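Visitor: See entry.tsv below, with TSV, C-alpha atoms.
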chain	number	residue	atom	x	y	z
A	1	MET	CA	0.00	0.00	0.00
A	2	THR	CA	1.36	3.41	-1.01
A	3	GLN	CA	1.79	5.76	1.92
A	4	GLU	CA	1.13	9.48	1.70
A	5	LYS	CA	4.25	11.64	1.72
A	6	TYR	CA	2.97	13.82	4.56
A	7	TYR	CA	0.99	13.11	7.68
A	8	PHE	CA	-0.79	15.99	9.43
A	9	GLU	CA	-1.69	15.49	13.09
A	10	ASN	CA	-3.99	18.47	12.68
A	11	PRO	CA	-6.30	17.72	9.73
A	12	LYS	CA	-7.17	21.44	9.53
A	13	SER	CA	-3.54	22.55	9.30
A	14	SER	CA	-3.21	25.67	7.16
A	15	ILE	CA	0.01	24.21	5.72
A	16	ARG	CA	-2.05	21.64	3.80
A	17	SER	CA	-3.10	24.41	1.42
A	18	LEU	CA	0.51	24.88	0.23
A	19	THR	CA	2.14	23.11	-2.68
A	20	GLU	CA	4.67	20.36	-1.96
A	21	ASP	CA	7.58	22.70	-2.74
A	22	GLU	CA	6.14	25.35	-0.42
A	23	ILE	CA	5.63	22.79	2.36
A	24	GLU	CA	9.27	21.71	2.05
A	25	ALA	CA	10.41	25.33	2.08
A	26	ALA	CA	8.30	26.16	5.15
A	27	ILE	CA	9.70	23.13	7.01
A	28	ALA	CA	13.27	24.07	6.03
A	29	ASP	CA	12.75	27.67	7.16
A	30	TYR	CA	11.43	26.52	10.54
A	31	GLU	CA	14.30	24.05	10.94
A	32	ASN	CA	16.82	26.80	10.13
A	33	GLY	CA	15.41	29.07	12.83
A	34	VAL	CA	13.50	31.53	10.66
A	35	LYS	CA	10.92	33.37	12.76
A	36	ILE	CA	7.39	32.01	12.45
A	37	SER	CA	6.05	35.50	11.71
A	38	GLU	CA	8.44	35.77	8.76
A	39	ILE	CA	7.43	32.34	7.43
A	40	CYS	CA	3.77	33.36	7.62
A	41	GLN	CA	4.52	36.62	5.82
A	42	LYS	CA	6.14	34.57	3.07
A	43	TYR	CA	3.09	32.29	2.87
A	44	PRO	CA	0.02	34.40	3.76
A	45	LYS	CA	-2.26	31.36	3.96
A	46	LEU	CA	-0.43	30.11	7.07
A	47	LYS	CA	-1.57	30.80	10.63
A	48	VAL	CA	0.88	31.87	13.32
A	49	SER	CA	-1.14	30.22	16.10
A	50	SER	CA	0.12	26.72	17.03
A	51	PHE	CA	2.44	26.80	14.03
A	52	TYR	CA	4.53	23.80	15.09
A	53	LYS	CA	1.48	21.56	15.45
A	54	GLN	CA	0.52	22.43	11.89
A	55	LEU	CA	3.83	21.19	10.50
A	56	PRO	CA	3.45	17.74	8.95
A	57	TYR	CA	5.36	14.54	9.56
A	58	LYS	CA	7.23	13.40	6.46
A	59	LEU	CA	7.49	9.82	5.21
A	60	ASN	CA	10.85	8.26	6.05
A	61	GLN	CA	12.58	5.11	4.79
A	62	GLU	CA	13.01	3.83	8.35
A	63	LYS	CA	10.73	0.94	9.31
A	64	CYS	CA	8.76	0.76	12.54
A	65	GLU	CA	10.46	-1.51	15.05
A	66	TYR	CA	7.12	-3.12	15.89
A	67	CYS	CA	4.92	-3.34	12.79
A	68	ASN	CA	7.57	-2.89	10.05
A	69	ASN	CA	5.70	-0.10	8.25
A	70	GLN	CA	7.52	3.03	7.16
A	71	ILE	CA	7.48	5.70	9.83
A	72	TYR	CA	7.04	9.45	9.58
A	73	THR	CA	9.48	11.99	10.99
A	74	LYS	CA	9.14	15.63	11.92
A	75	VAL	CA	11.57	18.38	12.81
A	76	ARG	CA	11.71	18.93	16.57
A	77	LYS	CA	10.13	22.00	18.09
A	78	ASN	CA	12.71	24.78	18.28
A	79	GLY	CA	14.71	24.47	21.49
A	80	TYR	CA	13.91	20.76	22.00
A	81	GLY	CA	16.99	19.19	20.41
A	82	ASN	CA	18.12	18.31	16.91
A	83	ASP	CA	16.85	14.74	16.60
A	84	LEU	CA	13.68	14.10	14.62
A	85	ALA	CA	10.33	13.31	16.19
A	86	LYS	CA	9.19	9.88	14.97
A	87	LEU	CA	5.73	8.41	14.54
A	88	CYS	CA	4.26	5.23	13.11
A	89	ILE	CA	0.72	6.06	12.07
A	90	TYR	CA	-0.22	2.36	11.92
A	91	CYS	CA	0.55	1.28	15.49
A	92	ASN	CA	0.89	4.77	17.06
A	93	HIS	CA	4.44	4.10	18.25
A	94	ASP	CA	6.15	7.46	18.80
A	95	TYR	CA	9.59	6.29	20.02
A	96	THR	CA	9.42	8.30	23.25
A	97	LYS	CA	9.88	6.94	26.77
A	98	ASN	CA	6.24	7.81	27.45
A	99	CYS	CA	4.92	6.10	24.33
A	100	ASN	CA	1.52	4.56	25.01
A	101	CYS	CA	1.18	2.43	21.90
A	102	GLU	CA	-0.08	-1.10	22.42
A	103	GLN	CA	3.36	-2.73	22.19
A	104	CYS	CA	5.09	-0.22	24.49
A	105	PHE	CA	2.23	-0.56	26.96
A	106	HIS	CA	2.70	-4.33	26.90
A	107	ASN	CA	6.49	-4.06	27.27
A	108	THR	CA	6.13	-1.71	30.23
A	109	ASN	CA	3.73	-4.07	31.98
A	110	VAL	CA	6.04	-7.04	31.39
A	111	ALA	CA	8.99	-5.10	32.84
A	112	LEU	CA	6.93	-4.02	35.85
A	113	GLU	CA	5.79	-7.58	36.47
A	114	GLU	CA	9.37	-8.87	36.33
A	115	LYS	CA	10.47	-6.14	38.74
A	116	ARG	CA	7.57	-6.94	41.03
A	117	LYS	CA	8.48	-10.64	41.15
A	118	GLU	CA	12.13	-9.85	41.87
A	119	LEU	CA	11.21	-7.52	44.72
A	120	GLN	CA	8.67	-9.98	46.09
A	121	ILE	CA	11.47	-12.48	46.61
A	122	VAL	CA	13.63	-9.83	48.30
A	123	TRP	CA	10.69	-8.67	50.39
A	124	LYS	CA	9.65	-12.14	51.58
A	125	ASN	CA	13.21	-13.04	52.57
A	126	PHE	CA	13.58	-9.74	54.41
A	127	TYR	CA	10.20	-10.15	56.10
A	128	THR	CA	11.01	-13.65	57.34
A	129	GLU	CA	14.36	-12.53	58.74
A	130	TYR	CA	13.38	-9.15	60.18
A	131	TYR	CA	9.90	-9.83	61.60
A	132	ASN	CA	10.56	-13.18	63.22
A	133	LEU	CA	9.67	-12.21	66.81
A	134	ASN	CA	6.16	-11.62	68.14
A	135	TYR	CA	4.62	-9.86	71.12
A	136	THR	CA	1.94	-11.12	73.48
A	137	LEU	CA	-0.61	-8.82	75.08
A	138	ASN	CA	1.39	-9.04	78.30
A	139	ASP	CA	4.46	-7.61	76.54
A	140	ILE	CA	2.92	-4.26	75.65
A	141	SER	CA	2.18	-1.41	78.02
A	142	ILE	CA	-1.21	0.10	78.80
A	143	PHE	CA	0.07	3.26	77.12
A	144	ASP	CA	0.66	1.25	73.93
A	145	GLU	CA	-2.78	-0.35	74.24
A	146	ILE	CA	-4.48	3.05	74.33
A	147	TYR	CA	-2.59	4.25	71.28
A	148	LEU	CA	-3.43	1.04	69.43
A	149	VAL	CA	-7.15	1.57	70.09
A	150	LEU	CA	-6.91	5.16	68.82
A	151	LEU	CA	-5.00	4.07	65.73
A	152	ILE	CA	-7.51	1.34	64.95
A	153	GLN	CA	-10.39	3.80	65.27
A	154	SER	CA	-8.68	6.29	62.96
A	155	TYR	CA	-6.83	4.13	60.46
A	156	LYS	CA	-8.62	0.85	60.03
A	157	GLY	CA	-8.18	0.36	56.30
A	158	THR	CA	-10.36	-0.74	53.43
A	159	PHE	CA	-8.90	-4.18	53.97
A	160	GLU	CA	-10.75	-5.10	57.16
A	161	ASN	CA	-7.83	-6.32	59.24
A	162	THR	CA	-5.13	-3.80	58.35
A	163	LEU	CA	-4.18	-0.24	59.30
A	164	ASP	CA	-3.87	2.25	56.47
A	165	PHE	CA	-1.80	5.38	57.25
A	166	SER	CA	-1.98	6.87	53.75
A	167	TYR	CA	-4.30	9.67	54.92
A	168	PHE	CA	-2.44	10.50	58.13
A	169	LYS	CA	-2.30	14.23	57.35
A	170	GLN	CA	-6.06	14.54	57.66
A	171	LEU	CA	-6.19	12.58	60.91
A	172	ARG	CA	-4.87	12.94	64.42
A	173	PHE	CA	-1.35	11.52	64.14
A	174	GLN	CA	1.51	12.56	61.90
A	175	VAL	CA	4.15	10.23	60.50
A	176	HIS	CA	7.50	11.97	60.81
A	177	ALA	CA	10.30	11.71	58.28
A	178	SER	CA	12.63	9.98	60.74
A	179	SER	CA	11.37	6.63	61.99
A	180	HIS	CA	13.41	7.09	65.19
A	181	GLU	CA	11.49	10.11	66.51
A	182	TYR	CA	9.85	8.62	69.57
A	183	TYR	CA	7.13	11.27	69.66
A	184	SER	CA	5.71	9.91	66.42
A	185	VAL	CA	3.24	7.39	67.76
A	186	ILE	CA	2.91	5.41	64.57
A	187	ASN	CA	6.61	5.12	63.86
A	188	ASN	CA	7.33	4.34	67.49
A	189	LEU	CA	5.12	1.26	67.24
A	190	ILE	CA	6.65	0.39	63.88
A	191	ASP	CA	10.21	0.74	65.17
A	192	ARG	CA	9.45	-1.58	68.05
A	193	LYS	CA	7.75	-4.01	65.65
A	194	ILE	CA	4.46	-3.88	67.52
A	195	LEU	CA	3.09	-2.95	64.10
A	196	ILE	CA	4.50	-4.80	61.10
A	197	PRO	CA	3.77	-4.64	57.36
A	198	ASN	CA	1.09	-6.89	55.97
A	199	ILE	CA	3.14	-9.24	53.81
A	200	TYR	CA	0.14	-10.15	51.64
A	201	TYR	CA	-0.61	-6.54	50.78
A	202	PHE	CA	2.56	-6.18	48.71
A	203	ASP	CA	1.38	-6.15	45.09
A	204	SER	CA	3.53	-3.41	43.54
A	205	TYR	CA	7.12	-2.31	43.86
A	206	ASP	CA	5.75	1.21	44.45
A	207	TYR	CA	4.99	0.11	48.00
A	208	ILE	CA	8.41	-1.30	48.78
A	209	TYR	CA	11.50	-0.19	46.95
A	210	SER	CA	15.07	-1.30	47.45
A	211	SER	CA	18.09	0.97	47.84
A	212	GLU	CA	20.17	-2.13	48.51
A	213	PRO	CA	19.33	-5.55	47.05
A	214	SER	CA	19.01	-7.13	50.48
A	215	LEU	CA	17.17	-4.42	52.42
A	216	PRO	CA	13.87	-2.88	51.25
A	217	THR	CA	13.04	0.63	52.42
A	218	ILE	CA	9.49	0.77	53.75
A	219	ASN	CA	7.35	3.88	53.52
A	220	SER	CA	4.85	3.73	56.39
A	221	THR	CA	2.20	5.62	54.43
A	222	LYS	CA	2.31	3.37	51.36
A	223	ILE	CA	1.75	-0.07	52.82
A	224	ASN	CA	-0.86	-1.50	55.16
A	225	TRP	CA	0.10	-2.60	58.66
A	226	ILE	CA	-1.02	-5.30	61.10
A	227	PRO	CA	-0.44	-5.86	64.84
A	228	ASN	CA	2.47	-8.15	65.68
A	229	ILE	CA	0.70	-9.63	68.70
A	230	ILE	CA	0.04	-13.35	68.92
A	231	LYS	CA	-2.86	-15.28	70.38
A	232	THR	CA	-2.41	-18.28	72.64
A	233	SER	CA	-2.75	-20.43	69.52
A	234	GLY	CA	0.41	-18.83	68.13
A	235	THR	CA	-1.27	-16.98	65.26
A	236	LEU	CA	-1.36	-13.19	64.99
A	237	LEU	CA	-4.32	-11.24	66.30
A	238	SER	CA	-6.23	-9.49	63.55
A	239	VAL	CA	-6.94	-5.76	63.85
A	240	SER	CA	-10.60	-6.51	64.62
A	241	GLU	CA	-9.73	-9.11	67.26
A	242	LEU	CA	-7.23	-6.79	68.95
A	243	ASP	CA	-9.72	-3.92	68.89
A	244	LYS	CA	-12.39	-6.06	70.56
A	245	ILE	CA	-10.02	-7.33	73.26
A	246	LEU	CA	-8.66	-3.88	74.13
A	247	LYS	CA	-12.09	-2.23	74.23
A	248	GLU	CA	-13.45	-4.91	76.54
A	249	ARG	CA	-10.44	-4.91	78.83
A	250	THR	CA	-10.83	-3.59	82.39
A	251	TYR	CA	-8.04	-1.94	84.35
A	252	SER	CA	-7.25	-2.16	88.04
A	253	VAL	CA	-6.21	0.77	90.22
A	254	GLU	CA	-2.63	-0.43	89.95
A	255	ASP	CA	-2.92	-0.54	86.14
A	256	LYS	CA	-4.10	3.07	86.14
A	257	LYS	CA	-1.18	4.13	88.33
A	258	ILE	CA	1.20	2.47	85.89
A	259	LEU	CA	-0.54	4.23	82.99
A	260	TRP	CA	-0.19	7.68	84.53
A	261	ARG	CA	3.45	6.96	85.31
A	262	GLU	CA	4.00	6.11	81.63
A	263	VAL	CA	2.17	9.26	80.53
A	264	TYR	CA	4.28	11.32	82.94
A	265	TRP	CA	7.57	9.90	81.67
A	266	SER	CA	6.46	10.34	78.06
A	267	GLU	CA	5.67	14.01	78.65
A	268	ILE	CA	8.97	14.58	80.45
A	269	LYS	CA	10.84	12.91	77.62
A	270	SER	CA	9.02	15.03	75.03
A	271	TYR	CA	9.86	18.20	76.94
A	272	ILE	CA	13.56	17.31	77.26
A	273	ASP	CA	13.75	16.43	73.57
A	274	TYR	CA	12.09	19.73	72.67
A	275	GLN	CA	14.54	21.71	74.81
A	276	ILE	CA	17.51	19.92	73.24
A	277	ASN	CA	16.35	20.66	69.70
A	278	ILE	CA	15.25	24.31	69.99
Could you write out this structure as structure tokens?
Guide:
Amino acid sequence: MTQEKYYFENPKSSIRSLTEDEIEAAIADYENGVKISEICQKYPKLKVSSFYKQLPYKLNQEKCEYCNNQIYTKVRKNGYGNDLAKLCIYCNHDYTKNCNCEQCFHNTNVALEEKRKELQIVWKNFYTEYYNLNYTLNDISIFDEIYLVLLIQSYKGTFENTLDFSYFKQLRFQVHASSHEYYSVINNLIDRKILIPNIYYFDSYDYIYSSEPSLPTINSTKINWIPNIIKTSGTLLSVSELDKILKERTYSVEDKKILWREVYWSEIKSYIDYQINI
């Protein structure tokens, strides 16, 4: 099938009204840096507005790397480099890194899937090694219990038995940049592994990315979390189960004394830290 010499992205391009020689001359003038206003003075039929978009692609001998049809090329917009813009009008491949043609879309998905599988292996190995110890309810303080109840009320995620901190800015707690800032309630529980990532929630390398092959970096606002507290059966308590237990729990006078002691020490520690950092 014979291909047209020119391809106009804009079917209403004013340049279509020119002869072939005039089209070639207009393209050459633009490529050589002649002002658009001067080109339009030379060819009165042309419109100054969106001039570059009106320029046509020109048939090239190069074949498309995907469908093997001849591609079209176009001079780059002034100031955007000297290489030609390329386009295959049959499969819409445009040779850019953001190309959304069917084949590039497929290739991108294949690459993402391969990356996801690689990181899943890294993640599972890391998870098994790093989160291999569990708490019991007797191991956590009353202070921690209260914070866990508040977190569950505020951050219980779409997935019923996980905590989702992705909207922390709109809620009562803030996740700080440094995971070692004790006054960040969420990160304090994460650092102590009272809260751990939900291993089954990992479905994209956007959630866990690796700066070193053996150690993923975890963003606390981009992955769902679960309590690392075991039942007598040895399995982990779900968020719902933990919430029910903590809400139904009663506290003795001695428990309350311990709680206020923990609150007192927490406030003192916060004050000292504030004084050190001002």
Visitor: Between atom CA of A:Ile39 and atom CA of A:Thr96, what distance in Å does the model show, to one decimal?
Guide: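 Spanning atom CA of A:Ile39 to atom CA of A:Thr96 is a straight-line distance of 28.8 Å.
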Visitor: Near stretch 231-248 of chain A, counting only C-alpha atoms, which residues have an atom at most 12 Å away, once you skip same-chain residues fewer than 5 positions from it, shown as a ChimeraX atom specification?
Guide: /A:133-138,140-157,159-164,194-196,198,224-226
Visitor: I'd like to know which of A:Tyr66, A:Ile199, A:Glu4, A:Ile89 is closest to A:Thr128, using all atoms listed in the file.
Guide: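 The answer is A:Ile199, which sits nearest to A:Thr128.
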Visitor: Can you work out the spacing between atom CA of A:Val75 and atom CA of A:Glu31 in Å, to one decimal?
Guide: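 Atom-to-atom, atom CA of A:Val75 to atom CA of A:Glu31, that is 6.6 Å.
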Visitor: Could you tell me how far atom CA of A:Asn92 sits from atom CA of A:Lys47, in Å to one decimal place?
Guide: 26.9 Å
Visitor: Could you give me, as a tab-separated table, every stretch 65-125 of chain A residue with an atom at most 10 Å from stretch 6-11 of chain A, plus its closest atom pair and distance in Å to one decimal, counting only C-alpha atoms, rows ordered by chain then number?
Guide:
residue	atom	partner	partner_atom	distance
A:Tyr72	CA	A:Tyr7	CA	7.3
A:Thr73	CA	A:Tyr7	CA	9.2
A:Lys74	CA	A:Tyr7	CA	9.5
A:Leu87	CA	A:Tyr7	CA	9.6
A:Ile89	CA	A:Tyr7	CA	8.3
Visitor: Which of these, A:Asp83, A:Asp21, A:Arg16, A:Cys64, has the shortest distance to A:Leu46 once you count only C-alpha atoms?
Guide: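 Result for the nearest residue to A:Leu46: A:Arg16.
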Visitor: Between A:Leu259, A:Ile190, A:Ala85, A:Ile27, which is the closest to A:Tyr131 once you count all atoms listed in the file?
Guide: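 Nearest candidate to A:Tyr131 out of A:Leu259, A:Ile190, A:Ala85, A:Ile27: A:Ile190.
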Visitor: Measuring between only C-alpha atoms, which one of A:Leu189, A:Glu24, A:Arg116, A:Lys77 shows the shortest distance to A:Ile229?
Guide: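 Among the listed residues, the smallest separation from A:Ile229 belongs to A:Leu189.
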Visitor: Supply stretch 122-133 of chain A as a tab-separated table (two decimals), in the coordinates of the input, with all heavy atoms built in where the input has gaps.
Guide:
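Once everything was written out, this is selection_32.tsv:
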chain	number	residue	atom	x	y	z
A	122	VAL	N	12.83	-10.59	47.34
A	122	VAL	CA	13.63	-9.83	48.30
A	122	VAL	C	12.80	-9.51	49.54
A	122	VAL	O	13.25	-9.66	50.68
A	122	VAL	CB	14.14	-8.51	47.65
A	122	VAL	CG1	14.83	-7.63	48.69
A	122	VAL	CG2	15.09	-8.82	46.51
A	123	TRP	N	11.57	-9.07	49.29
A	123	TRP	CA	10.69	-8.67	50.39
A	123	TRP	C	10.36	-9.84	51.32
A	123	TRP	O	10.44	-9.73	52.54
A	123	TRP	CB	9.41	-8.07	49.82
A	123	TRP	CG	8.29	-7.90	50.80
A	123	TRP	CD1	7.06	-8.46	50.73
A	123	TRP	CD2	8.28	-7.11	51.99
A	123	TRP	NE1	6.29	-8.08	51.79
A	123	TRP	CE2	7.02	-7.24	52.58
A	123	TRP	CE3	9.24	-6.31	52.60
A	123	TRP	CZ2	6.68	-6.60	53.76
A	123	TRP	CZ3	8.90	-5.66	53.78
A	123	TRP	CH2	7.63	-5.81	54.35
A	124	LYS	N	10.02	-10.99	50.76
A	124	LYS	CA	9.65	-12.14	51.58
A	124	LYS	C	10.83	-12.64	52.41
A	124	LYS	O	10.67	-13.01	53.57
A	124	LYS	CB	9.08	-13.25	50.70
A	124	LYS	CG	7.69	-12.93	50.17
A	124	LYS	CD	7.15	-14.04	49.29
A	124	LYS	CE	5.74	-13.68	48.79
A	124	LYS	NZ	5.19	-14.72	47.90
A	125	ASN	N	12.02	-12.63	51.82
A	125	ASN	CA	13.21	-13.04	52.57
A	125	ASN	C	13.49	-12.07	53.71
A	125	ASN	O	13.81	-12.47	54.83
A	125	ASN	CB	14.43	-13.12	51.64
A	125	ASN	CG	14.33	-14.27	50.66
A	125	ASN	OD1	13.60	-15.23	50.89
A	125	ASN	ND2	15.05	-14.18	49.55
A	126	PHE	N	13.37	-10.77	53.40
A	126	PHE	CA	13.58	-9.74	54.41
A	126	PHE	C	12.54	-9.85	55.53
A	126	PHE	O	12.86	-9.76	56.72
A	126	PHE	CB	13.50	-8.36	53.75
A	126	PHE	CG	13.51	-7.21	54.72
A	126	PHE	CD1	14.68	-6.80	55.33
A	126	PHE	CD2	12.33	-6.54	55.03
A	126	PHE	CE1	14.68	-5.74	56.22
A	126	PHE	CE2	12.32	-5.49	55.92
A	126	PHE	CZ	13.51	-5.08	56.51
A	127	TYR	N	11.30	-10.07	55.14
A	127	TYR	CA	10.20	-10.15	56.10
A	127	TYR	C	10.42	-11.31	57.06
A	127	TYR	O	10.27	-11.18	58.28
A	127	TYR	CB	8.89	-10.35	55.33
A	127	TYR	CG	7.64	-10.11	56.15
A	127	TYR	CD1	7.00	-8.88	56.09
A	127	TYR	CD2	7.09	-11.10	56.95
A	127	TYR	CE1	5.84	-8.64	56.81
A	127	TYR	CE2	5.93	-10.87	57.67
A	127	TYR	CZ	5.31	-9.64	57.60
A	127	TYR	OH	4.17	-9.41	58.32
A	128	THR	N	10.79	-12.46	56.52
A	128	THR	CA	11.01	-13.65	57.34
A	128	THR	C	12.15	-13.44	58.34
A	128	THR	O	12.07	-13.85	59.50
A	128	THR	CB	11.34	-14.86	56.44
A	128	THR	OG1	10.26	-15.07	55.53
A	128	THR	CG2	11.55	-16.11	57.27
A	129	GLU	N	13.20	-12.75	57.88
A	129	GLU	CA	14.36	-12.53	58.74
A	129	GLU	C	14.13	-11.43	59.77
A	129	GLU	O	14.52	-11.54	60.93
A	129	GLU	CB	15.57	-12.18	57.87
A	129	GLU	CG	16.84	-11.89	58.66
A	129	GLU	CD	18.01	-11.51	57.77
A	129	GLU	OE1	17.87	-11.61	56.53
A	129	GLU	OE2	19.05	-11.10	58.31
A	130	TYR	N	13.47	-10.35	59.35
A	130	TYR	CA	13.38	-9.15	60.18
A	130	TYR	C	12.19	-9.17	61.14
A	130	TYR	O	12.26	-8.61	62.22
A	130	TYR	CB	13.29	-7.92	59.27
A	130	TYR	CG	13.49	-6.61	59.97
A	130	TYR	CD1	14.75	-6.23	60.45
A	130	TYR	CD2	12.42	-5.73	60.15
A	130	TYR	CE1	14.94	-5.01	61.09
A	130	TYR	CE2	12.61	-4.51	60.80
A	130	TYR	CZ	13.86	-4.16	61.26
A	130	TYR	OH	14.04	-2.96	61.90
A	131	TYR	N	11.10	-9.82	60.76
A	131	TYR	CA	9.90	-9.83	61.60
A	131	TYR	C	9.64	-11.23	62.15
A	131	TYR	O	8.56	-11.79	62.01
A	131	TYR	CB	8.69	-9.34	60.79
A	131	TYR	CG	8.82	-7.92	60.32
A	131	TYR	CD1	9.04	-7.63	58.97
A	131	TYR	CD2	8.75	-6.86	61.21
A	131	TYR	CE1	9.17	-6.32	58.54
A	131	TYR	CE2	8.88	-5.55	60.79
A	131	TYR	CZ	9.09	-5.28	59.45
A	131	TYR	OH	9.23	-3.99	59.02
A	132	ASN	N	10.66	-11.80	62.76
A	132	ASN	CA	10.56	-13.18	63.22
A	132	ASN	C	10.23	-13.30	64.71
A	132	ASN	O	10.18	-14.40	65.24
A	132	ASN	CB	11.86	-13.94	62.92
A	132	ASN	CG	13.08	-13.25	63.53
A	132	ASN	OD1	12.95	-12.22	64.17
A	132	ASN	ND2	14.24	-13.83	63.32
A	133	LEU	N	10.03	-12.18	65.40
A	133	LEU	CA	9.67	-12.21	66.81
A	133	LEU	C	8.30	-11.57	67.01
A	133	LEU	O	7.98	-10.56	66.37
A	133	LEU	CB	10.71	-11.48	67.66
A	133	LEU	CG	12.13	-12.08	67.66
A	133	LEU	CD1	13.08	-11.18	68.45
A	133	LEU	CD2	12.12	-13.49	68.25
